[in-house]
Amino acid sequence: MGYRNALLFRWSRRDRLTVVVVAVTAAFLIGTVLLLFTAVTYSETFAEPLANSGTVTYHDAGNGPPDPGGDVTVLPTATATTNGTAVRLVGIPPDTPRVLIEGSAQWQEGRLPTIPDGVDGRGPVSQQRTRTVSGSNGTISLSVVPQERGTTFLSNQWYATNASTAQQVGVTGYFVIDHSPSGTGLGSLPSEGSPLVSALLYVLGGLEQVLWALGIAAAAGGLLVLIVVYNVTKMSVRDRLDAIRVIRSTGASGWRVGLLFTLRAGLLVTTGVVLGYAAGLILIKALVNVAIYVGLPIALDVTVTGQSATVVAGVAGVFVLMGLVAGAFAAYPAATRPPASLGSRHARSGQSGQSTRAKVRNWVAPTFLSWRSVVPTAATLTVFGITFLLVVSLAGLASPLGGGAGDSGTITEAGAPHPLNSRLDAEYASALRADGTPASPEIIYAQVSDGQPYMAHGAEYDEFANVTGATLVEGQRPQRHDEAVIGSDLSQTLDVEVGDELTVSGSVKPGIRRVTVVGRYDAPRTLDDLLILPLDSAADLATGPGEVHMIRVKGPVSEIDDADGVAANQSGAVVTGLSGPERVTEGDSINLSVAVRNVGNERATREVTVRYRGARKATTVTVPPGQERTGTVSFRASELGPANATAGEYTHSVTVVSPDAIEIPNQLPSQAPPGSGLSVPVVTKTGDRVSNATVSVNGPSLRTGASGVAVVPLPREPGNYTITARSGDQTATHDIQIVRGTERELYAELSISPSSGSVLTTPTLTIGLANPWQEPITRDVGVIGPGVSQNRTVYMPPGNVTQTRFSPNGGRGQPGTYTYRVTANGTTLTTTDYTVTGDRRLASAVASSGSYASGTPIERSVEGVFGNVQLILGVLVALSALSTVGSTTATFAQGVHARRQAIGIHRSTGATQWRVLRTILADIARIAIPATGLALVLSVAALQVLERAGWLVFFGFRLSARTPPTILAAIFAGGVLLALFGALVATVPYLTASPVSLLPSGDRTRTPDDESTDARQPSDD
């Protein structure tokens, strides 16, 4: 075989080790790239219904109107005031299509509101109104009607009008909607504006940023290959110096010899890359299968696509190029020096006759190795350090393994594959707060702005700050639907300051919003990388009214057993109230209703026990998910007087009365004008009307009719009088004062059912009004209380009676007693109390019926997108460590190989293998400790440079280069251990070989690293 084939294809154990090292490094990068590209494909499939078909950009009017050319729609907008309140008008040109965005589902359509004939637009009004609007061009009157139902593309707080009307008010800007689809996949993020549906592109943009970070790892991997191949080629050249001298002395040119060694290095790297590709693909598939087998939420099918193949080819090309460069540098001295200067060199064989100072110096200095190994070792460990720090930073963002989640966590709907799929009733947070657990209902609102993905959250800032510890450092809290606060890190990422305006598009539904940043806050970890929008403003384009994606809580929610010994969290069905009659007649049945709500996502059954006067009865209630049902139990009213019925912590008072007892309702007016006629009802204690009863007031008696009412003339002289009613032997009285000038008032009754409940209970208010006077009455009647404030003008003819039932909308966020009152022209007619009970079992059930996990929402969101980010990060660390071991092995193998003759002399003169190993390991420790320290400094400095350059932003979250001391200590210890392990692997061949084979000899044809005969003779080919 000629020398060309010998130099190219005769590979020693050392060369095969090089192939393994390159293969491991290539498997590390190629496997990770394939995994991430698979995650992209999975995300596209997962979020396919969220694919958008356009972008929106805001243009200030000061720059002139935008060019309407192309497939775009321009909506002029005007900022104006009405009644001292700032409002926004959006003009709709006459030729604008009503449906701007079409999709396969109804909710995907972006529909502009229509403007009916005869009015100037639509606005936030309950019925047709005239609004005076003042803008920069002047003041006009607008006739507006309520916003169209089902149209969420524009905010329901804006005024949608004609484009000409917006021009009259004074245009301040333009919304430019580009209908050109931006597509999906890497590189698809629009560089300007915001996608009308941002959720999918947010995910893809974040993955693109992670892939960019892997470019750093690719460059670092190329550096590892450069170091390994250079060291191995250097050793190969040193082993063949005699052969190279002969080859060059017999006519071969130096450049040809250099080219052969360069090609040899290229072949080694190419072989390693091919094996690494196969190993990476197999390893990632195996890891995914194992993860699925053990039950981790992985939904990835690792395959090679056109895009991933391009990137993999690029990584492989970098590796091969680095190998060729390393081979050329290693062969350069042997190819350029004169042939006569080439040959084997003898190194010193030991030390003798040393002075004390020399001994100290030799104790510090390596015995066998050279300090020159510090630089390549530090370079190798720097790559490991940078990779490890990047992984730790990403773990802090995308996985609870990153730590720092503290005592906060999130609750999502049980079984939801991703937080974006979760739906929870926002009132569940009230249940948790009622139990004393700080809770913030929030909507995940993914956004992309000018190519930068970032995360917004719909939340009430005070509740968000109470849970997270956020502190407002500039500006104020949001007070309006179009105001927001921004985290300090996100402010830096987006280059947005307090007072700036942001265009916010839809998250999973197409739409446009424009908000003013009124405050900036600081919060721990990645929590200050959020834009906090008002909860109601975010709901339209992300969830639905009253629904949120998750509830952030501070501290875990414990499991509490109920009074019956049944754990409340065993199902999602929880008791939320107990209701029934307030009075019953002795001997009748007391029918009590128990309200049960299912806060879970599966059909649930709950058995509830009700107690009354020592008796117990149970009812079983089956409730569909997210709904409420009632169960009924009956007791016999056997004892007169009041008593409490209970179901868990809920109490309802029932009074048992005599069947013959009568009364005049105390809501009857206590004052009246002289000579007026008053309708006096006579009822039993249970509220039934009593006919044929007698009623008198300082005069003859009148009888009640079938309706149980008698019309009684009142005295004409002022004074105090008593109205007396009699039925059989039962008597009832009512005191009344005759006062001149007294205004006639309505008779009002107000009852609430149930009289107590949890924060999730929706009570029913029953309001009865009656005109007891013999004259018609017109009053402005109001109902005031938590969650309700209604006023209505009522006309009541003489003797007229009316009744209304309705339920208040929220407003009872904490346990306590709340008062509802009925007023007429500002005067209180009657009041009733409603009690909200704090139920720890309910709070426990809310938390445990959902899926609770510690950590921030983005940690859980990104984890859901990747399937399980711990898998990716674990692969990164493990393969990076293997690459580092291979690189340090090659580095120290080169040093040990250069000192093999000294090792042979030591062993020939009586040194044991263990003594030689101990000496070499001590040398390596002397080199590895300063090299690791240098590598740690370089790694931290590199991360600081990346942070200052703004390159450590992933999914809109700015990672910090500040690393805890424990992590730095772990990297230092890990680097030293990896170096020692690599040195051990490199040294073992020289300890197992015979000492003679390590000594210089003209006849030596083989070293412990070289199992093949070196080419010593040139040939003719």
# chains A, B, ... in the order shown; residues from 1 in each chain; ligands from 1

$ residues_around --residues "A:Thr165" --least-positions-apart "6" --cutoff "9 Å" --atoms "only C-alpha atoms" --output "CSV table (one decimal) with N, CA and C atoms, in the first residue's frame"
chain,number,residue,atom,x,y,z
A,89,LEU,N,-62.7,56.7,18.0
A,89,LEU,CA,-63.6,56.5,16.8
A,89,LEU,C,-62.8,55.8,15.7
A,91,GLY,N,-63.2,54.7,11.8
A,91,GLY,CA,-63.9,54.9,10.6
A,91,GLY,C,-63.9,53.7,9.6
A,120,ASP,N,-75.3,57.3,13.0
A,120,ASP,CA,-73.9,57.7,12.6
A,120,ASP,C,-72.9,56.6,13.0
A,140,ILE,N,-68.9,67.4,16.9
A,140,ILE,CA,-70.0,66.9,16.2
A,140,ILE,C,-70.9,66.1,17.1
A,142,LEU,N,-73.2,62.7,17.4
A,142,LEU,CA,-73.3,61.4,16.7
A,142,LEU,C,-74.6,60.7,17.3

$ select_by_dssp --residues "stretch 900-1021 of chain A" --states "strand (DSSP E or B)" --output "list in words"
Val953, Phe954, Phe957, Arg958, Thr1007 and Asp1010 of chain A

$ write_last_selection --atoms "C-alpha atoms" --output "PDB file, in the first residue's frame"
ATOM      1  CA  VAL A 953     -34.625  36.827  24.721  1.00  0.00           C
ATOM      2  CA  PHE A 954     -36.768  33.739  24.152  1.00  0.00           C
ATOM      3  CA  PHE A 957     -38.731  36.692  28.081  1.00  0.00           C
ATOM      4  CA  ARG A 958     -35.390  38.309  28.793  1.00  0.00           C
ATOM      5  CA  THR A1007       2.699   2.613  19.955  1.00  0.00           C
ATOM      6  CA  ASP A1010      -1.227   2.935  16.944  1.00  0.00           C
TER       7      ASP A1010
END

$ residues_around --residues "A:Ile929" --least-positions-apart "4" --cutoff "7 Å" --atoms "only C-alpha atoms" --output "list in words"
Ala925, Gly933 and Val976 of chain A

$ write_last_selection --atoms "N, CA and C atoms" --output "compact mmCIF listing (two decimals), in the first residue's frame"
# COMPACT_ATOMS: atom_id res chain seq x y z
N ALA A 925 -4.91 17.54 37.41
CA ALA A 925 -5.61 18.39 38.38
C ALA A 925 -4.99 19.78 38.40
N GLY A 933 -11.37 27.22 36.06
CA GLY A 933 -11.63 28.58 36.52
C GLY A 933 -11.66 29.58 35.39
N VAL A 976 -14.05 20.10 36.41
CA VAL A 976 -12.87 19.39 36.91
C VAL A 976 -13.06 17.88 36.79

$ residues_around --residues "stretch 738-744 of chain A" --least-positions-apart "2" --cutoff "6 Å" --atoms "only C-alpha atoms" --output "JSON, numbers by chain"
{"A": [671, 672, 673, 674, 718, 719]}

$ residues_around --residues "A:Leu321" --least-positions-apart "3" --cutoff "9 Å" --atoms "only C-alpha atoms" --output "MDAnalysis selection string"
chainID A and resid 222 266 269 316:318 324:326

$ write_last_selection --atoms "N, CA and C atoms" --output "PDB file, in the first residue's frame"
ATOM      1  N   GLY A 222     -18.522  23.144  16.823  1.00  0.00           N
ATOM      2  CA  GLY A 222     -17.462  23.208  15.824  1.00  0.00           C
ATOM      3  C   GLY A 222     -16.116  23.468  16.462  1.00  0.00           C
ATOM      4  N   GLY A 266     -10.447  15.440   7.482  1.00  0.00           N
ATOM      5  CA  GLY A 266     -11.785  15.563   6.928  1.00  0.00           C
ATOM      6  C   GLY A 266     -12.533  14.247   6.893  1.00  0.00           C
ATOM      7  N   VAL A 269     -13.727  13.396  10.425  1.00  0.00           N
ATOM      8  CA  VAL A 269     -14.895  14.186  10.828  1.00  0.00           C
ATOM      9  C   VAL A 269     -16.127  13.765  10.051  1.00  0.00           C
ATOM     10  N   ALA A 316     -23.551  19.840   9.738  1.00  0.00           N
ATOM     11  CA  ALA A 316     -22.551  18.865   9.282  1.00  0.00           C
ATOM     12  C   ALA A 316     -21.453  19.551   8.483  1.00  0.00           C
ATOM     13  N   GLY A 317     -21.830  20.519   7.647  1.00  0.00           N
ATOM     14  CA  GLY A 317     -20.836  21.242   6.874  1.00  0.00           C
ATOM     15  C   GLY A 317     -19.873  22.020   7.749  1.00  0.00           C
ATOM     16  N   VAL A 318     -20.396  22.638   8.828  1.00  0.00           N
ATOM     17  CA  VAL A 318     -19.520  23.355   9.767  1.00  0.00           C
ATOM     18  C   VAL A 318     -18.532  22.393  10.402  1.00  0.00           C
ATOM     19  N   LEU A 324     -11.322  20.007   8.545  1.00  0.00           N
ATOM     20  CA  LEU A 324     -10.309  20.295   7.523  1.00  0.00           C
ATOM     21  C   LEU A 324      -9.344  21.393   7.984  1.00  0.00           C
ATOM     22  N   VAL A 325      -9.897  22.434   8.638  1.00  0.00           N
ATOM     23  CA  VAL A 325      -9.038  23.517   9.141  1.00  0.00           C
ATOM     24  C   VAL A 325      -8.092  22.991  10.204  1.00  0.00           C
ATOM     25  N   ALA A 326      -8.620  22.162  11.125  1.00  0.00           N
ATOM     26  CA  ALA A 326      -7.773  21.616  12.182  1.00  0.00           C
ATOM     27  C   ALA A 326      -6.670  20.740  11.607  1.00  0.00           C
TER      28      ALA A 326
END

$ residues_around --residues "A:Gly826" --least-positions-apart "2" --cutoff "10 Å" --atoms "only C-alpha atoms" --output "list of chain:residue names"
A:Arg779, A:Asp780, A:Val781, A:Gly782, A:Val822, A:Thr823, A:Ala824, A:Thr828, A:Leu829

$ write_last_selection --atoms "C-alpha atoms" --output "mmCIF file, in the first residue's frame"
data_model
loop_
_atom_site.group_PDB
_atom_site.id
_atom_site.type_symbol
_atom_site.label_atom_id
_atom_site.label_comp_id
_atom_site.auth_asym_id
_atom_site.auth_seq_id
_atom_site.Cartn_x
_atom_site.Cartn_y
_atom_site.Cartn_z
ATOM 1 C CA ARG A 779 -91.639 56.799 41.574
ATOM 2 C CA ASP A 780 -88.019 56.301 40.537
ATOM 3 C CA VAL A 781 -87.465 52.868 42.104
ATOM 4 C CA GLY A 782 -83.929 51.584 42.643
ATOM 5 C CA VAL A 822 -85.042 48.942 47.578
ATOM 6 C CA THR A 823 -85.455 52.707 47.289
ATOM 7 C CA ALA A 824 -88.094 55.075 45.916
ATOM 8 C CA THR A 828 -85.156 53.307 51.477
ATOM 9 C CA LEU A 829 -88.285 51.193 51.481
#

$ residues_around --residues "A:Trp773" --least-positions-apart "2" --cutoff "7 Å" --atoms "only C-alpha atoms" --output "list in words"
Gly677, Leu678, Ser679, Asn771, Glu775, Pro798 and Gly799 of chain A

$ closest_residue --among "A:Pro700, A:Gly687, A:Pro772, A:Pro534" --to "A:Arg480" --atoms "only C-alpha atoms"
A:Pro534

$ atom_distance --atom1 "atom CA of A:Ser634" --atom2 "atom CA of A:Lys617"
8.0 Å
